[in-house]
Amino acid sequence: MSLLSFFSAKPAPVNRSNVQSARNASAQQYTLRRQVLQTALRDTLIRYRIPSAGVGCETLLSSRNAIEPTVHVRLLVKDFEPRLLTQAYAFQKAFLKRATSFDPKVVDWLSGVSWQFETPDDSLPSELPAMPRAQAVDAVPAGGYAHAAASVVATASEAISTAAAKASAAAAAPTEQESLAELHRLFMAADVERAMLSQSVAGSGDFQPTQSFDS
């Protein structure tokens, strides 16, 4: 084939009927998936006794790649429901579980779930409350920390010394039995000393009886 004939060659005609059939099949599939999600949301709301008008469902057609289209679902909270603020994740799990019961391949074509809160009234706070500021620490004069540390050390040393003195006194104080034994020992020593002194006096040759100072 020459270069001229290559450029002059006409492309193969497109079968418009096949393209239209593919588009119709994709649209029908998207409608079916949207109905699955809406029905699953309705059943979940009924199960948890949440008014059906309080939460809506929006589906957005997305695509993970050029071949397989996917769906993203957005849950719209229209009326204030306290349980949805604290149990949104549990509600989402129950919603996906119910959708899977209708179509086990939900995980293949559902790209994600998002939440949007649109309460009609202004009774709810629209701004986060300001966090309380940390209390300012009082200024400490120069040398204040050193003085405080020295006071703490002195107090601790005094307490330790007092405890040690009490412990020593408690250890040195004799018991009642020890005191009685020591007193008995002293009495015996005194008796022995008195007996020895009596023997020494009796053996002395110049012993004279006691006389009055007037004689």
# chains A, B, ... in the order shown; residues from 1 in each chain; ligands from 1
call {"tool": "residues_around", "arguments": {"residues": "Phe117 in chain A", "least_positions_apart": "6", "cutoff": "12 Å", "atoms": "only C-alpha atoms", "output": "list in words"}}
result
Gly54, Val55, Gly56, Cys57, Arg74, Leu75, Leu76, Val77, Lys78, Asp79, Phe80, Glu81, Leu84, Leu85, Ala88, Leu124 and Ser126 of chain A
call {"tool": "write_last_selection", "arguments": {"atoms": "C-alpha atoms", "output": "mmCIF file, in the first residue's frame"}}
result
data_model
loop_
_atom_site.group_PDB
_atom_site.id
_atom_site.type_symbol
_atom_site.label_atom_id
_atom_site.label_comp_id
_atom_site.auth_asym_id
_atom_site.auth_seq_id
_atom_site.Cartn_x
_atom_site.Cartn_y
_atom_site.Cartn_z
ATOM 1 C CA GLY A 54 -34.437 12.700 57.382
ATOM 2 C CA VAL A 55 -31.775 11.035 55.245
ATOM 3 C CA GLY A 56 -31.600 11.153 51.467
ATOM 4 C CA CYS A 57 -29.426 9.410 48.920
ATOM 5 C CA ARG A 74 -23.714 10.420 49.104
ATOM 6 C CA LEU A 75 -25.941 10.253 52.185
ATOM 7 C CA LEU A 76 -27.689 13.568 52.859
ATOM 8 C CA VAL A 77 -28.751 14.188 56.452
ATOM 9 C CA LYS A 78 -31.682 16.609 56.153
ATOM 10 C CA ASP A 79 -33.089 16.405 59.709
ATOM 11 C CA PHE A 80 -31.092 16.395 62.902
ATOM 12 C CA GLU A 81 -30.712 12.874 64.278
ATOM 13 C CA LEU A 84 -26.211 9.662 63.335
ATOM 14 C CA LEU A 85 -23.633 11.988 64.896
ATOM 15 C CA ALA A 88 -22.693 7.165 61.579
ATOM 16 C CA LEU A 124 -27.517 23.569 65.927
ATOM 17 C CA SER A 126 -22.493 25.935 63.117
#
call {"tool": "residues_around", "arguments": {"residues": "range 94-99 of chain A", "least_positions_apart": "2", "cutoff": "8 Å", "atoms": "only C-alpha atoms", "output": "VMD selection string"}}
result
chain A and resid 36 to 37 39 to 41 43 to 44 90 to 92 101 to 104 106
call {"tool": "write_last_selection", "arguments": {"atoms": "N, CA, C and O atoms", "output": "PDB file, in the first residue's frame"}}
result
ATOM      1  N   VAL A  36     -30.895  -0.213  43.972  1.00  0.00           N
ATOM      2  CA  VAL A  36     -30.372  -1.070  45.038  1.00  0.00           C
ATOM      3  C   VAL A  36     -29.956  -0.225  46.236  1.00  0.00           C
ATOM      4  O   VAL A  36     -30.289  -0.535  47.396  1.00  0.00           O
ATOM      5  N   LEU A  37     -29.246   0.863  45.985  1.00  0.00           N
ATOM      6  CA  LEU A  37     -28.773   1.721  47.067  1.00  0.00           C
ATOM      7  C   LEU A  37     -29.937   2.426  47.765  1.00  0.00           C
ATOM      8  O   LEU A  37     -29.958   2.533  48.994  1.00  0.00           O
ATOM      9  N   THR A  39     -33.065   1.423  47.969  1.00  0.00           N
ATOM     10  CA  THR A  39     -33.844   0.438  48.729  1.00  0.00           C
ATOM     11  C   THR A  39     -33.106   0.022  49.990  1.00  0.00           C
ATOM     12  O   THR A  39     -33.717  -0.137  51.064  1.00  0.00           O
ATOM     13  N   ALA A  40     -31.802  -0.150  49.885  1.00  0.00           N
ATOM     14  CA  ALA A  40     -31.007  -0.513  51.062  1.00  0.00           C
ATOM     15  C   ALA A  40     -31.059   0.600  52.104  1.00  0.00           C
ATOM     16  O   ALA A  40     -31.160   0.323  53.314  1.00  0.00           O
ATOM     17  N   LEU A  41     -31.023   1.856  51.663  1.00  0.00           N
ATOM     18  CA  LEU A  41     -31.105   2.974  52.601  1.00  0.00           C
ATOM     19  C   LEU A  41     -32.475   3.013  53.271  1.00  0.00           C
ATOM     20  O   LEU A  41     -32.580   3.214  54.487  1.00  0.00           O
ATOM     21  N   ASP A  43     -34.570   0.513  53.831  1.00  0.00           N
ATOM     22  CA  ASP A  43     -34.696  -0.591  54.782  1.00  0.00           C
ATOM     23  C   ASP A  43     -33.865  -0.333  56.047  1.00  0.00           C
ATOM     24  O   ASP A  43     -34.297  -0.679  57.161  1.00  0.00           O
ATOM     25  N   THR A  44     -32.692   0.271  55.883  1.00  0.00           N
ATOM     26  CA  THR A  44     -31.854   0.557  57.049  1.00  0.00           C
ATOM     27  C   THR A  44     -32.491   1.625  57.934  1.00  0.00           C
ATOM     28  O   THR A  44     -32.442   1.536  59.172  1.00  0.00           O
ATOM     29  N   ALA A  90     -21.528   2.950  62.206  1.00  0.00           N
ATOM     30  CA  ALA A  90     -22.340   1.740  62.356  1.00  0.00           C
ATOM     31  C   ALA A  90     -23.510   1.744  61.381  1.00  0.00           C
ATOM     32  O   ALA A  90     -23.857   0.704  60.798  1.00  0.00           O
ATOM     33  N   PHE A  91     -24.118   2.908  61.179  1.00  0.00           N
ATOM     34  CA  PHE A  91     -25.226   3.004  60.227  1.00  0.00           C
ATOM     35  C   PHE A  91     -24.730   2.726  58.807  1.00  0.00           C
ATOM     36  O   PHE A  91     -25.394   2.049  58.014  1.00  0.00           O
ATOM     37  N   GLN A  92     -23.557   3.235  58.476  1.00  0.00           N
ATOM     38  CA  GLN A  92     -22.995   3.008  57.139  1.00  0.00           C
ATOM     39  C   GLN A  92     -22.708   1.527  56.910  1.00  0.00           C
ATOM     40  O   GLN A  92     -22.969   0.994  55.815  1.00  0.00           O
ATOM     41  N   SER A 101     -26.889  -7.575  50.366  1.00  0.00           N
ATOM     42  CA  SER A 101     -27.894  -8.645  50.326  1.00  0.00           C
ATOM     43  C   SER A 101     -28.708  -8.602  49.032  1.00  0.00           C
ATOM     44  O   SER A 101     -29.206  -9.633  48.572  1.00  0.00           O
ATOM     45  N   PHE A 102     -28.825  -7.434  48.430  1.00  0.00           N
ATOM     46  CA  PHE A 102     -29.513  -7.319  47.144  1.00  0.00           C
ATOM     47  C   PHE A 102     -28.584  -7.655  45.980  1.00  0.00           C
ATOM     48  O   PHE A 102     -29.003  -8.278  44.992  1.00  0.00           O
ATOM     49  N   ASP A 103     -27.339  -7.202  46.086  1.00  0.00           N
ATOM     50  CA  ASP A 103     -26.366  -7.435  45.016  1.00  0.00           C
ATOM     51  C   ASP A 103     -25.019  -7.753  45.656  1.00  0.00           C
ATOM     52  O   ASP A 103     -24.356  -6.853  46.182  1.00  0.00           O
ATOM     53  N   PRO A 104     -24.587  -9.012  45.635  1.00  0.00           N
ATOM     54  CA  PRO A 104     -23.311  -9.376  46.269  1.00  0.00           C
ATOM     55  C   PRO A 104     -22.103  -8.690  45.652  1.00  0.00           C
ATOM     56  O   PRO A 104     -21.024  -8.671  46.265  1.00  0.00           O
ATOM     57  N   VAL A 106     -21.677  -5.529  45.143  1.00  0.00           N
ATOM     58  CA  VAL A 106     -21.653  -4.102  45.462  1.00  0.00           C
ATOM     59  C   VAL A 106     -20.222  -3.602  45.650  1.00  0.00           C
ATOM     60  O   VAL A 106     -19.873  -2.494  45.232  1.00  0.00           O
TER      61      VAL A 106
END
call {"tool": "residues_around", "arguments": {"residues": "Trp109 in chain A", "least_positions_apart": "5", "cutoff": "9 Å", "atoms": "only C-alpha atoms", "output": "list in words"}}
result
Arg33, Ser63, Arg64, Glu68, Pro69, Thr70, Val71 and His72 of chain A
call {"tool": "write_last_selection", "arguments": {"atoms": "C-alpha atoms", "output": "PDB file, in the first residue's frame"}}
result
ATOM      1  CA  ARG A  33     -27.641   0.019  41.022  1.00  0.00           C
ATOM      2  CA  SER A  63     -15.278   5.327  36.929  1.00  0.00           C
ATOM      3  CA  ARG A  64     -12.259   3.550  38.313  1.00  0.00           C
ATOM      4  CA  GLU A  68     -15.732  -0.427  34.298  1.00  0.00           C
ATOM      5  CA  PRO A  69     -18.037   2.414  35.478  1.00  0.00           C
ATOM      6  CA  THR A  70     -18.677   2.710  39.203  1.00  0.00           C
ATOM      7  CA  VAL A  71     -21.105   4.527  41.470  1.00  0.00           C
ATOM      8  CA  HIS A  72     -20.445   6.835  44.406  1.00  0.00           C
TER       9      HIS A  72
END
call {"tool": "closest_residue", "arguments": {"among": "A:Pro82, A:Gln38, A:Gln177, A:Glu118", "to": "Ser52 in chain A", "atoms": "only C-alpha atoms"}}
result
A:Gln38
call {"tool": "atom_distance", "arguments": {"atom1": "CA of Leu45 in chain A", "atom2": "CA of Arg83 in chain A"}}
result
11.8 Å
call {"tool": "select_by_dssp", "arguments": {"residues": "range 15-112 of chain A", "states": "helix (DSSP H, G or I)", "output": "ChimeraX atom specification"}}
result
/A:16-47,52-54,82-86,88-102,106-109
call {"tool": "atom_distance", "arguments": {"atom1": "CA of Leu60 in chain A", "atom2": "CA of Arg34 in chain A"}}
result
9.1 Å
